$ cat my_file_17.cif   # mmCIF, C-alpha atoms and all ligand atoms
data_my_file
#
loop_
_atom_site.label_atom_id
_atom_site.label_comp_id
_atom_site.auth_asym_id
_atom_site.auth_seq_id
_atom_site.Cartn_x
_atom_site.Cartn_y
_atom_site.Cartn_z
CA MET A 50 -10.28 -18.72 -13.09
CA TYR A 51 -8.89 -18.62 -16.62
CA TRP A 52 -11.31 -18.72 -19.52
CA PRO A 53 -10.61 -22.11 -21.09
CA ASP A 54 -9.70 -21.27 -24.66
CA ALA A 55 -9.50 -18.53 -27.20
CA ALA A 56 -12.59 -19.74 -29.10
CA SER A 57 -14.93 -19.49 -26.14
CA ARG A 58 -13.42 -16.14 -25.12
CA HIS A 59 -14.14 -14.92 -28.64
CA ASN A 60 -17.72 -16.13 -28.33
CA VAL A 61 -18.35 -14.36 -25.06
CA ARG A 62 -16.91 -11.11 -26.33
CA HIS A 63 -19.49 -11.14 -29.09
CA MET A 64 -22.40 -11.86 -26.86
CA SER A 65 -21.53 -9.77 -23.83
CA GLN A 66 -21.76 -6.16 -23.00
CA ARG A 67 -18.46 -4.34 -22.54
CA ILE A 68 -18.05 -2.43 -19.29
CA VAL A 69 -15.34 0.11 -18.63
CA LEU A 70 -14.51 1.00 -15.03
CA ALA A 71 -12.50 4.01 -13.86
CA PRO A 72 -9.75 3.41 -11.24
CA GLY A 73 -11.37 2.92 -7.83
CA GLU A 74 -14.83 2.22 -9.28
CA VAL A 75 -16.74 -0.52 -7.48
CA LEU A 76 -18.16 -3.28 -9.68
CA PHE A 77 -20.07 -5.04 -6.95
CA THR A 78 -20.12 -5.14 -3.16
CA GLN A 79 -19.96 -8.10 -0.79
CA GLY A 80 -23.52 -9.17 0.07
CA ASP A 81 -25.06 -7.71 -3.12
CA GLU A 82 -27.43 -9.89 -5.09
CA GLY A 83 -25.48 -10.97 -8.16
CA GLN A 84 -26.64 -12.03 -11.61
CA ASP A 85 -23.61 -11.67 -13.82
CA ALA A 86 -19.97 -12.65 -14.01
CA TYR A 87 -17.21 -10.75 -15.78
CA ILE A 88 -14.06 -11.53 -17.71
CA ILE A 89 -11.27 -8.98 -17.45
CA VAL A 90 -10.28 -7.82 -20.93
CA SER A 91 -7.69 -5.29 -19.74
CA GLY A 92 -6.71 -3.69 -16.45
CA ALA A 93 -6.88 -5.18 -12.95
CA VAL A 94 -9.49 -5.75 -10.27
CA HIS A 95 -8.95 -5.93 -6.51
CA ILE A 96 -11.11 -8.46 -4.69
CA LYS A 97 -11.70 -7.39 -1.11
CA ALA A 98 -13.68 -9.19 1.54
CA VAL A 99 -14.56 -8.80 5.17
CA ARG A 100 -13.35 -11.93 6.92
CA ARG A 101 -13.62 -12.16 10.70
CA GLY A 102 -14.48 -8.47 10.80
CA VAL A 103 -11.31 -7.45 8.94
CA ASP A 104 -11.46 -5.84 5.52
CA ALA A 105 -8.74 -7.57 3.49
CA LEU A 106 -7.49 -7.69 -0.07
CA VAL A 107 -7.94 -11.35 -0.95
CA ASN A 108 -6.98 -11.38 -4.62
CA VAL A 109 -5.83 -9.26 -7.52
CA LEU A 110 -7.15 -10.38 -10.90
CA GLY A 111 -5.82 -9.47 -14.32
CA PRO A 112 -6.68 -9.95 -18.02
CA GLY A 113 -8.26 -13.29 -18.92
CA GLU A 114 -9.47 -13.97 -15.38
CA MET A 115 -13.12 -14.22 -14.39
CA LEU A 116 -14.88 -12.79 -11.37
CA GLY A 117 -18.35 -13.02 -9.90
CA GLU A 118 -18.79 -16.50 -11.38
CA LEU A 119 -20.40 -17.97 -8.25
CA ALA A 120 -23.50 -15.85 -8.82
CA LEU A 121 -23.93 -17.44 -12.26
CA ILE A 122 -24.43 -20.84 -10.80
CA ASP A 123 -26.57 -20.28 -7.75
CA GLY A 124 -27.62 -16.61 -7.85
CA GLY A 125 -26.46 -16.20 -4.23
CA PRO A 126 -25.05 -13.00 -2.75
CA ARG A 127 -21.58 -11.76 -3.68
CA THR A 128 -18.90 -13.18 -1.39
CA ALA A 129 -16.53 -10.25 -1.93
CA THR A 130 -16.26 -6.69 -3.20
CA ALA A 131 -14.68 -6.02 -6.62
CA ILE A 132 -12.95 -2.68 -7.26
CA ALA A 133 -11.08 -1.58 -10.38
CA ALA A 134 -7.40 -1.07 -9.52
CA GLU A 135 -6.92 0.97 -12.69
CA ARG A 136 -8.90 1.66 -15.86
CA THR A 137 -10.41 -1.75 -16.51
CA GLU A 138 -12.41 -3.19 -19.36
CA LEU A 139 -14.71 -6.12 -18.68
CA ALA A 140 -16.79 -8.47 -20.78
CA GLN A 141 -20.05 -9.25 -19.02
CA VAL A 142 -21.30 -12.84 -18.88
CA THR A 143 -24.97 -12.96 -18.02
CA ASN A 144 -26.84 -15.58 -16.08
CA ALA A 145 -28.96 -16.29 -19.16
CA GLN A 146 -25.89 -16.92 -21.31
CA ILE A 147 -24.63 -19.53 -18.89
CA ALA A 148 -28.08 -21.09 -18.34
CA GLU A 149 -28.31 -21.55 -22.10
CA ARG A 150 -24.96 -23.33 -22.23
CA MET A 151 -25.64 -25.39 -19.13
CA SER A 152 -28.91 -26.67 -20.60
CA ARG A 153 -27.01 -27.91 -23.65
CA ALA A 154 -24.06 -29.32 -21.71
CA ASP A 155 -23.44 -32.93 -20.86
CA PRO A 156 -25.55 -33.48 -17.67
CA VAL A 157 -22.59 -35.00 -15.85
CA LEU A 158 -20.43 -31.99 -16.65
CA SER A 159 -23.10 -29.53 -15.56
CA LEU A 160 -23.62 -31.44 -12.30
CA LEU A 161 -19.88 -31.47 -11.70
CA LEU A 162 -19.64 -27.72 -12.27
CA THR A 163 -22.59 -26.92 -10.02
CA GLN A 164 -21.23 -29.11 -7.22
CA ALA A 165 -17.76 -27.64 -7.53
CA MET A 166 -19.12 -24.11 -7.33
CA ARG A 167 -21.28 -24.91 -4.28
CA HIS A 168 -18.29 -26.48 -2.61
CA PHE A 169 -16.20 -23.40 -3.42
CA ARG A 170 -18.85 -21.04 -2.00
CA ARG A 171 -18.99 -23.07 1.23
CA GLU A 172 -15.22 -22.86 1.54
CA ILE A 173 -15.24 -19.12 1.04
CA GLN A 174 -18.04 -18.55 3.50
CA ASP A 175 -16.76 -20.92 6.14
CA PRO A 176 -14.91 -18.66 8.57
CA VAL A 177 -12.73 -21.53 9.78
CA HIS A 178 -11.37 -22.32 6.33
CA GLU A 179 -11.48 -18.84 4.82
CA ARG A 180 -9.62 -19.95 1.71
CA PRO A 181 -8.11 -23.33 1.10
CA ALA A 182 -4.53 -23.24 2.32
CA SER A 183 -3.33 -24.65 -0.98
CA VAL A 184 -4.89 -21.75 -2.91
CA VAL A 185 -3.29 -19.20 -0.58
CA ALA A 186 0.07 -20.96 -0.82
CA ILE A 187 0.01 -21.15 -4.62
CA GLU A 188 -0.94 -17.49 -4.91
CA ARG A 189 1.81 -16.48 -2.51
CA MET A 190 4.43 -18.49 -4.38
CA ARG A 191 3.32 -17.02 -7.68
CA LEU A 192 3.41 -13.46 -6.38
CA GLU A 193 6.75 -14.06 -4.67
CA GLY A 194 8.21 -15.36 -7.94
CA GLU A 195 6.96 -12.28 -9.76
CA LEU A 196 8.25 -9.94 -7.04
CA ALA A 197 11.71 -11.53 -7.21
CA GLY A 198 12.30 -10.10 -10.68
CA ALA A 199 10.47 -6.82 -10.14
CA VAL A 200 13.59 -4.73 -9.41
CA GLU A 201 15.45 -5.96 -12.51
CA ARG A 202 12.36 -5.54 -14.69
CA ARG A 203 12.08 -1.97 -13.35
CA GLU A 204 8.53 -2.58 -12.17
CA LEU A 205 9.07 -0.80 -8.85
CA GLU A 206 8.39 2.92 -8.60
CA LEU A 207 8.99 5.36 -5.79
CA TRP A 208 6.26 7.85 -5.08
CA TYR A 209 6.72 10.86 -2.86
CA GLN A 210 4.49 12.50 -0.28
CA PRO A 211 5.50 15.90 1.11
CA ILE A 212 6.12 16.43 4.81
CA VAL A 213 5.20 20.05 5.40
CA ASP A 214 6.31 22.62 7.95
CA LEU A 215 3.19 24.50 9.09
CA ASP A 216 5.18 27.28 10.76
CA ALA A 217 7.42 28.08 7.81
CA CYS A 218 4.76 27.18 5.17
CA THR A 219 7.36 25.10 3.33
CA VAL A 220 7.82 21.54 2.18
CA ALA A 221 10.40 20.27 4.68
CA GLY A 222 10.94 16.95 2.92
CA PHE A 223 9.32 13.96 1.30
CA GLU A 224 8.53 10.42 2.37
CA ALA A 225 9.39 7.87 -0.33
CA LEU A 226 6.70 5.20 -0.69
CA VAL A 227 7.27 2.23 -2.94
CA ARG A 228 4.75 1.03 -5.53
CA TRP A 229 4.83 -2.07 -7.75
CA ARG A 230 3.55 -1.60 -11.28
CA HIS A 231 2.65 -5.20 -12.04
CA PRO A 232 2.23 -5.91 -15.76
CA ASP A 233 -1.18 -7.60 -15.24
CA ARG A 234 -2.31 -6.59 -11.78
CA GLY A 235 -1.71 -2.87 -12.19
CA LEU A 236 -0.40 -0.70 -9.39
CA VAL A 237 0.05 -2.81 -6.26
CA SER A 238 0.21 -0.96 -2.93
CA PRO A 239 3.03 -1.69 -0.46
CA ALA A 240 0.51 -2.92 2.09
CA ASP A 241 -0.08 -5.84 -0.30
CA PHE A 242 3.50 -6.80 -1.14
CA ILE A 243 5.85 -5.51 1.59
CA PRO A 244 4.75 -8.26 4.03
CA LEU A 245 5.54 -10.83 1.31
CA ALA A 246 8.87 -9.13 0.60
CA GLU A 247 9.68 -9.22 4.30
CA ALA A 248 8.73 -12.87 4.73
CA SER A 249 10.80 -13.93 1.70
CA GLY A 250 13.83 -11.72 2.32
CA LEU A 251 13.21 -9.87 -0.97
CA ILE A 252 12.86 -6.71 1.11
CA VAL A 253 16.67 -6.56 1.28
CA PRO A 254 17.29 -5.90 -2.46
CA ILE A 255 14.04 -3.93 -2.74
CA GLY A 256 14.97 -1.79 0.27
CA GLU A 257 18.43 -1.16 -1.13
CA TRP A 258 16.88 0.05 -4.37
CA VAL A 259 14.47 2.30 -2.41
CA ILE A 260 17.31 3.96 -0.47
CA ASP A 261 19.42 4.51 -3.60
CA GLU A 262 16.48 5.77 -5.64
CA GLY A 263 15.19 8.02 -2.82
CA ALA A 264 18.62 9.65 -2.45
CA ARG A 265 18.92 10.14 -6.20
CA ALA A 266 15.42 11.67 -6.39
CA LEU A 267 16.22 14.12 -3.61
CA CYS A 268 19.20 15.40 -5.61
CA GLU A 269 16.93 15.83 -8.61
CA LEU A 270 14.76 18.16 -6.54
CA ASP A 271 17.71 20.31 -5.47
CA ASP A 272 17.30 22.75 -8.35
CA MET A 273 13.77 23.56 -7.16
CA PRO A 274 13.12 26.73 -5.14
CA GLY A 275 13.22 26.63 -1.34
CA GLU A 276 15.48 25.43 1.46
CA PRO A 277 17.33 22.10 1.18
CA ARG A 278 14.92 19.32 1.91
CA PHE A 279 15.17 15.78 3.26
CA MET A 280 14.10 12.38 1.91
CA SER A 281 12.62 9.88 4.33
CA VAL A 282 12.66 6.18 3.40
CA ASN A 283 11.01 3.29 5.20
CA VAL A 284 13.20 0.43 6.35
CA SER A 285 11.96 -2.84 7.75
CA GLY A 286 13.44 -5.18 10.34
CA ARG A 287 14.94 -7.59 7.82
CA GLN A 288 16.89 -4.73 6.27
CA LEU A 289 18.26 -3.60 9.62
CA ASP A 290 19.57 -7.10 10.19
CA SER A 291 21.18 -7.38 6.76
CA PRO A 292 24.95 -6.91 6.45
CA GLY A 293 24.77 -4.65 3.38
CA LEU A 294 22.59 -1.94 4.94
CA LEU A 295 25.38 0.23 6.32
CA GLU A 296 27.15 0.36 2.98
CA THR A 297 23.89 1.35 1.25
CA VAL A 298 23.20 4.08 3.80
CA ARG A 299 26.78 5.34 3.58
CA ARG A 300 26.44 5.58 -0.22
CA ALA A 301 23.07 7.37 0.02
CA VAL A 302 24.30 9.87 2.62
CA ARG A 303 27.20 10.61 0.29
CA THR A 304 24.77 11.03 -2.64
CA VAL A 305 22.53 13.54 -0.85
CA GLY A 306 25.63 15.49 0.11
CA ALA A 307 24.95 16.47 3.71
CA PRO A 308 24.11 14.66 6.93
CA ASN A 309 20.48 14.57 8.01
CA ARG A 310 19.13 14.93 4.47
CA LEU A 311 18.41 11.20 4.37
CA HIS A 312 16.03 9.92 7.03
CA LEU A 313 15.23 6.31 7.83
CA GLU A 314 11.76 5.46 9.13
CA MET A 315 11.22 2.36 11.18
CA THR A 316 8.61 1.09 13.58
CA GLU A 317 9.35 0.20 17.16
CA GLY A 318 8.40 -3.43 16.61
CA VAL A 319 11.54 -4.09 14.59
CA LEU A 320 13.76 -2.64 17.30
CA ILE A 321 12.17 -4.51 20.15
CA GLN A 322 12.68 -7.86 18.43
CA SER A 323 16.34 -7.46 17.60
CA PRO A 324 19.36 -6.09 19.48
CA ALA A 325 21.27 -6.23 16.16
CA ALA A 326 18.68 -3.88 14.64
CA ARG A 327 19.21 -1.43 17.50
CA ASP A 328 22.97 -1.50 16.83
CA ALA A 329 22.34 -0.96 13.11
CA VAL A 330 20.14 2.04 13.90
CA ARG A 331 22.89 3.63 15.99
CA ALA A 332 25.44 2.95 13.24
CA CYS A 333 23.15 4.58 10.62
CA LYS A 334 22.88 7.63 12.83
CA GLU A 335 26.67 7.80 13.07
CA LEU A 336 26.84 7.74 9.28
CA GLY A 337 24.71 10.89 9.23
CA ALA A 338 21.22 9.50 8.54
CA GLY A 339 18.29 10.97 10.44
CA LEU A 340 15.93 8.60 12.24
CA PHE A 341 12.14 8.74 12.38
CA LEU A 342 10.15 6.41 14.63
CA ASP A 343 7.18 5.46 12.41
CA ASP A 344 3.57 4.73 13.39
CA PHE A 345 4.18 5.92 16.96
CA GLY A 346 1.26 5.19 19.25
CA THR A 347 0.24 1.90 17.64
CA GLY A 348 2.90 -0.40 19.10
CA TYR A 349 4.55 -0.46 22.46
CA SER A 350 5.29 3.30 22.51
CA SER A 351 8.15 2.37 24.75
CA LEU A 352 9.69 5.29 26.55
CA ALA A 353 12.87 3.26 27.01
CA TYR A 354 13.56 3.26 23.26
CA LEU A 355 12.84 6.95 22.98
CA ASN A 356 15.49 7.51 25.55
CA GLN A 357 18.07 5.00 24.36
CA LEU A 358 17.92 5.44 20.61
CA PRO A 359 18.89 8.62 18.80
CA PHE A 360 15.58 9.38 17.08
CA ASP A 361 15.14 12.79 15.49
CA ALA A 362 11.37 12.59 15.28
CA LEU A 363 8.30 10.58 16.23
CA LYS A 364 5.74 10.06 13.51
CA ILE A 365 2.34 9.82 15.15
CA ASP A 366 0.29 7.15 13.37
CA HIS A 367 -2.43 8.39 11.04
CA SER A 368 -5.13 6.58 13.03
CA PHE A 369 -4.75 9.38 15.60
CA ALA A 370 -5.42 12.15 13.08
CA ARG A 371 -9.11 11.35 13.11
CA LYS A 372 -9.20 11.79 16.88
CA MET A 373 -7.53 15.18 16.69
CA GLU A 374 -10.70 17.24 16.48
CA GLU A 375 -12.54 15.36 19.22
CA MET A 376 -11.94 16.53 22.75
CA GLY A 377 -11.58 12.96 24.03
CA ASP A 378 -8.68 10.79 25.16
CA GLY A 379 -7.22 10.57 21.65
CA HIS A 380 -6.80 14.32 21.60
CA LYS A 381 -5.16 14.32 25.03
CA LEU A 382 -2.82 11.55 23.96
CA ILE A 383 -1.57 13.48 20.94
CA LEU A 384 -1.14 16.56 23.10
CA ALA A 385 0.92 14.49 25.54
CA ILE A 386 3.08 12.98 22.74
CA VAL A 387 3.76 16.43 21.27
CA GLY A 388 4.75 17.67 24.76
CA LEU A 389 6.87 14.59 25.48
CA ALA A 390 8.75 14.95 22.19
CA ALA A 391 9.40 18.64 22.85
CA THR A 392 10.75 17.85 26.33
CA LEU A 393 13.08 15.20 24.88
CA GLY A 394 14.17 17.60 22.15
CA ARG A 395 12.67 15.45 19.36
CA ALA A 396 10.46 16.62 16.51
CA VAL A 397 7.00 15.26 15.80
CA VAL A 398 5.47 14.49 12.41
CA MET A 399 1.71 14.00 12.41
CA GLU A 400 0.67 11.52 9.71
CA GLY A 401 -2.66 11.36 7.90
CA ILE A 402 -3.89 14.97 8.14
CA GLU A 403 -6.92 14.95 5.86
CA THR A 404 -8.91 18.02 6.91
CA ALA A 405 -8.28 21.69 7.69
CA GLY A 406 -9.82 21.06 11.12
CA GLN A 407 -7.21 18.38 11.92
CA ARG A 408 -4.42 20.68 10.73
CA ASP A 409 -5.69 23.54 12.92
CA ALA A 410 -6.13 21.30 15.97
CA TYR A 411 -2.58 19.98 15.51
CA ARG A 412 -1.20 23.48 15.14
CA ALA A 413 -3.06 24.59 18.28
CA MET A 414 -1.21 21.81 20.15
CA GLY A 415 2.11 23.27 19.03
CA GLY A 416 2.53 20.76 16.17
CA ARG A 417 4.65 21.86 13.25
CA LEU A 418 5.52 19.00 10.85
CA CYS A 419 2.84 16.90 9.22
CA GLN A 420 1.82 15.00 6.12
CA GLY A 421 -1.47 13.85 4.71
CA TYR A 422 -3.95 13.93 1.87
CA LEU A 423 -4.95 17.52 2.79
CA PHE A 424 -1.59 18.64 1.38
CA ALA A 425 -0.84 15.94 -1.17
CA ARG A 426 -1.19 12.25 -1.81
CA PRO A 427 1.91 10.22 -2.64
CA ALA A 428 2.76 10.77 -6.32
CA PRO A 429 5.61 10.25 -8.80
CA LEU A 430 8.66 12.53 -8.81
CA ALA A 431 7.29 14.78 -11.57
CA ALA A 432 4.35 15.64 -9.30
CA ALA A 433 6.75 16.40 -6.42
CA ARG A 434 8.60 18.87 -8.66
CA GLU A 435 5.30 20.42 -9.69
CA LEU A 436 4.28 20.72 -6.05
CA LEU A 437 7.48 22.56 -5.18
CA THR A 438 6.86 25.16 -7.87
CA SER A 439 3.38 25.86 -6.55
CA SER A 440 3.79 25.15 -2.82
CA HIS A 441 2.42 28.61 -1.99
CA ARG A 442 -0.94 27.24 -3.11
CA LEU A 443 -0.94 24.42 -0.52
CA PRO A 444 -3.65 24.77 2.16
CA TRP A 445 -1.45 26.37 4.82
CA GLY A 446 -4.52 27.83 6.56
P1 LIG B 501 3.88 4.43 6.48
O1 LIG B 501 5.36 4.52 6.42
O2 LIG B 501 3.22 4.75 7.78
O3 LIG B 501 3.37 5.39 5.32
C1 LIG B 501 2.26 6.23 5.42
C2 LIG B 501 1.08 5.62 4.70
O4 LIG B 501 -0.06 6.47 4.96
C3 LIG B 501 1.25 5.60 3.19
O5 LIG B 501 0.55 4.47 2.69
C4 LIG B 501 0.51 6.85 2.76
O6 LIG B 501 0.04 6.81 1.45
C5 LIG B 501 -0.64 6.87 3.75
N1 LIG B 501 -1.20 8.21 3.93
C6 LIG B 501 -0.60 9.39 3.74
N2 LIG B 501 -1.42 10.41 4.00
C7 LIG B 501 -2.60 9.87 4.38
C8 LIG B 501 -3.87 10.42 4.76
O7 LIG B 501 -4.09 11.64 4.83
N3 LIG B 501 -4.84 9.54 5.08
C9 LIG B 501 -4.65 8.19 5.02
N4 LIG B 501 -5.69 7.41 5.34
N5 LIG B 501 -3.48 7.63 4.66
C10 LIG B 501 -2.46 8.46 4.34
P2 LIG B 501 1.25 3.49 1.66
O8 LIG B 501 2.02 4.27 0.64
O9 LIG B 501 0.18 2.56 1.20
O10 LIG B 501 2.29 2.72 2.54
C11 LIG B 501 1.87 1.83 3.52
C12 LIG B 501 3.03 1.32 4.34
O11 LIG B 501 3.87 0.48 3.53
C13 LIG B 501 3.94 2.42 4.85
O12 LIG B 501 3.38 2.99 5.99
C14 LIG B 501 5.20 1.63 5.13
O13 LIG B 501 5.12 0.98 6.37
C15 LIG B 501 5.19 0.56 4.04
N6 LIG B 501 6.10 0.98 2.98
C16 LIG B 501 5.90 1.84 1.95
N7 LIG B 501 7.00 1.96 1.19
C17 LIG B 501 7.96 1.18 1.77
C18 LIG B 501 9.33 0.89 1.47
O14 LIG B 501 9.93 1.41 0.53
N8 LIG B 501 9.99 0.02 2.32
C19 LIG B 501 9.37 -0.55 3.39
N9 LIG B 501 10.08 -1.37 4.15
N10 LIG B 501 8.09 -0.30 3.70
C20 LIG B 501 7.38 0.56 2.91
MG MG B 502 6.65 5.69 6.94
MG MG B 503 3.52 5.67 9.33
#

$ encode --input "my_file_17.cif" --output "structure tokens" --more "lines below"
Ligand code: C2E
Ligand code: MG
Ligand code: MG
Amino acid sequence: MYWPDAASRHNVRHMSQRIVLAPGEVLFTQGDEGQDAYIIVSGAVHIKAVRRGVDALVNVLGPGEMLGELALIDGGPRTATAIAAERTELAQVTNAQIAERMSRADPVLSLLLTQAMRHFRREIQDPVHERPASVVAIERMRLEGELAGAVERRELELWYQPIVDLDACTVAGFEALVRWRHPDRGLVSPADFIPLAEASGLIVPIGEWVIDEGARALCELDDMPGEPRFMSVNVSGRQLDSPGLLETVRRAVRTVGAPNRLHLEMTEGVLIQSPAARDAVRACKELGAGLFLDDFGTGYSSLAYLNQLPFDALKIDHSFARKMEEMGDGHKLILAIVGLAATLGRAVVMEGIETAGQRDAYRAMGGRLCQGYLFARPAPLAAARELLTSSHRLPWG
């Protein structure tokens, strides 16, 4: 909700307390009793809510927008959780401040506002109509419009997460992960905009930029100590079906200078849906790109594709990392995947290693390549360079 005009915004700033949140700091949690609302002065706030048991990002709010306003009207519990997406400054609007204004307002206006807010709360809480379709549609269209110009406006960034070799104690390569630095919403994660990019077809120009930029970044790391490394980029189904992909991959393979220095990551889902995608994958391989099967274990885990398509490695989905240290079925499954890959002559990359215990359990299974927060979080290229100069300090165990 936008604050109506500059005069009232000015007023509130004078009367309210300023609050500064650090990135990731929680302002309030779904279900909390709420007394106050807030206007964002600078920064961005993610609104997350559990709907039908699923924790989802439902909105991203920027400067001039208000949050927590339902609590001002009826004092009911918070309908969502608010988390600062970056350093965020807020002006607090207290219940008392609103009560004061409501008591002086035209009774018809105050009734209208109260009714509208009650109606809104019912809509939010009603699991059948989680959010009015029109609101969702408008937000999507707005975001899509903004995303369309993001490449030209240079709002996209590539961040890099190392893929480490536990045997050699080296950084074998990096996975390139796209981020969108939105002027108002702050840093938007791919989980929040890649689905929109896929649905709208914008993933094709975005993906082309990612491949070009990833290849260029790899070359920039070539003066760093250590063996030649690879760059792994994610490609989605829409990209595999697009006619320009092969030319982009050919250009990137040429940029990185040697075959198998550029890897393409894709999930099985995209291959199962489209024979054309399977052909494109084979053609990329012929051009000299390596192939990683991403998020293995979460989809069909089809043995047929493992056999038919020339994958270099399986990336075991990070949801399995947590099961690594338990001696249950999850552990046995990872052990079996590592064995299966070895038999087929494919490598394995374990995603999402967060603890030394997970790393040791993976190593005990014969695992060699992995990535995860234990070693490094995705970060801009400067941090990747820094990491390569001090990789001896990584927790090799
Ligand atoms: P993915 O390819 O499976 O990427 C791995 C995700 O796991 C990344 O999330 C990464 O930050 C996260 N991760 C890494 N280590 C850990 C860990 O130790 N613990 C946990 N919990 N998570 C970890 P991110 O960057 O948010 O990317 C999410 C997904 O978005 C990616 O999943 C990928 O499918 C998609 N994506 C990212 N960049 C691109 C892109 O350039 N193009 C396309 N098509 N998709 C992309
Ligand atoms: Mg990936
Ligand atoms: Mg993955």

$ closest_residue --input "my_file_17.cif" --among "A:Asp343, A:Asp378, A:Glu195, A:Glu188" --to "ligand MG 503 (chain B)" --atoms "only C-alpha atoms and all ligand atoms"
A:Asp343

$ residues_near_ligand --input "my_file_17.cif" --ligand "ligand MG 503 (chain B)" --cutoff "7 Å" --atoms "all atoms listed in the file" --output "ChimeraX atom specification"
/A:343-344,364,366-367,400

$ write_last_selection --input "my_file_17.cif" --atoms "C-alpha atoms" --output "CSV table (one decimal), keeping the file's coordinate frame"
chain,number,residue,atom,x,y,z
A,343,ASP,CA,7.2,5.5,12.4
A,344,ASP,CA,3.6,4.7,13.4
A,364,LYS,CA,5.7,10.1,13.5
A,366,ASP,CA,0.3,7.2,13.4
A,367,HIS,CA,-2.4,8.4,11.0
A,400,GLU,CA,0.7,11.5,9.7

$ closest_residue --input "my_file_17.cif" --among "A:Met376, A:Thr219, A:Trp208, A:Arg300" --to "Arg442 (chain A)" --atoms "all atoms listed in the file"
A:Thr219

$ closest_residue --input "my_file_17.cif" --among "A:Gly421, A:Pro244, A:Pro126, A:Gly293" --to "ligand LIG 501 (chain B)" --atoms "all atoms listed in the file"
A:Gly421

$ atom_distance --input "my_file_17.cif" --atom1 "CA of Ala370 (chain A)" --atom2 "atom C9 of ligand LIG 501 (chain B)"
9.0 Å

$ residues_near_ligand --input "my_file_17.cif" --ligand "ligand MG 502 (chain B)" --cutoff "10 Å" --atoms "all atoms listed in the file" --output "list of chain:residue names"
A:Glu224, A:Ala225, A:Leu226, A:Ser281, A:Val282, A:Asn283, A:Val284, A:Leu313, A:Glu314, A:Met315, A:Thr316, A:Phe341, A:Leu342, A:Asp343, A:Asp344, A:Lys364, A:Asp366, A:Glu400

$ closest_residue --input "my_file_17.cif" --among "A:Ala248, A:Val298, A:Ile255, A:Ala431" --to "Gly198 (chain A)" --atoms "all atoms listed in the file"
A:Ile255

$ residues_near_point --input "my_file_17.cif" --point "(9.5, 23.0, -11.7)" --cutoff "9 Å" --atoms "all atoms listed in the file" --output "PyMOL selection string"
chain A and resi 270+272-274+431+433-439

$ atom_distance --input "my_file_17.cif" --atom1 "CA of Ile365 (chain A)" --atom2 "CA of Leu205 (chain A)"
27.1 Å

$ residues_around --input "my_file_17.cif" --residues "Val220 (chain A)" --least-positions-apart "2" --cutoff "12 Å" --atoms "all atoms listed in the file" --output "PyMOL selection string"
chain A and resi 209-218+222-224+270+273-280+417-420+424-425+433-434+436-445

$ closest_residue --input "my_file_17.cif" --among "A:Pro112, A:Gly401, A:Pro427, A:Gly124" --to "Phe369 (chain A)" --atoms "all atoms listed in the file"
A:Gly401

$ atom_distance --input "my_file_17.cif" --atom1 "CA of Thr297 (chain A)" --atom2 "CA of Leu207 (chain A)"
17.0 Å

$ closest_residue --input "my_file_17.cif" --among "A:Ala133, A:Val227, A:Val398, A:Leu355" --to "Glu206 (chain A)" --atoms "only C-alpha atoms"
A:Val227

$ residues_around --input "my_file_17.cif" --residues "Leu162 (chain A)" --least-positions-apart "5" --cutoff "12 Å" --atoms "all atoms listed in the file" --output "VMD selection string"
chain A and resid 118 to 119 121 to 123 147 151 154 to 157 167 to 169

$ decode --input "my_file_17.cif" --residues "region 129-137 of chain A" --atoms "N, CA and C atoms" --output "PDB file, in the first residue's frame"
ATOM      1  N   ALA A 129       1.594 -12.700   8.232  1.00  0.00           N
ATOM      2  CA  ALA A 129       2.794 -13.091   7.495  1.00  0.00           C
ATOM      3  C   ALA A 129       4.025 -12.696   8.303  1.00  0.00           C
ATOM      4  N   THR A 130       5.173 -13.170   7.844  1.00  0.00           N
ATOM      5  CA  THR A 130       6.449 -12.836   8.484  1.00  0.00           C
ATOM      6  C   THR A 130       7.157 -11.793   7.624  1.00  0.00           C
ATOM      7  N   ALA A 131       7.757 -10.784   8.268  1.00  0.00           N
ATOM      8  CA  ALA A 131       8.453  -9.725   7.520  1.00  0.00           C
ATOM      9  C   ALA A 131       9.939  -9.775   7.851  1.00  0.00           C
ATOM     10  N   ILE A 132      10.758  -9.888   6.806  1.00  0.00           N
ATOM     11  CA  ILE A 132      12.216 -10.012   6.992  1.00  0.00           C
ATOM     12  C   ILE A 132      12.911  -8.969   6.115  1.00  0.00           C
ATOM     13  N   ALA A 133      13.883  -8.278   6.669  1.00  0.00           N
ATOM     14  CA  ALA A 133      14.630  -7.294   5.871  1.00  0.00           C
ATOM     15  C   ALA A 133      15.462  -8.026   4.818  1.00  0.00           C
ATOM     16  N   ALA A 134      15.320  -7.615   3.547  1.00  0.00           N
ATOM     17  CA  ALA A 134      16.085  -8.246   2.468  1.00  0.00           C
ATOM     18  C   ALA A 134      17.475  -7.636   2.372  1.00  0.00           C
ATOM     19  N   GLU A 135      17.616  -6.454   2.935  1.00  0.00           N
ATOM     20  CA  GLU A 135      18.904  -5.749   2.953  1.00  0.00           C
ATOM     21  C   GLU A 135      18.822  -4.766   4.121  1.00  0.00           C
ATOM     22  N   ARG A 136      19.806  -3.883   4.265  1.00  0.00           N
ATOM     23  CA  ARG A 136      19.695  -2.894   5.343  1.00  0.00           C
ATOM     24  C   ARG A 136      18.464  -2.029   5.060  1.00  0.00           C
ATOM     25  N   THR A 137      17.558  -1.991   6.021  1.00  0.00           N
ATOM     26  CA  THR A 137      16.266  -1.350   5.766  1.00  0.00           C
ATOM     27  C   THR A 137      15.913  -0.379   6.892  1.00  0.00           C
TER      28      THR A 137
END
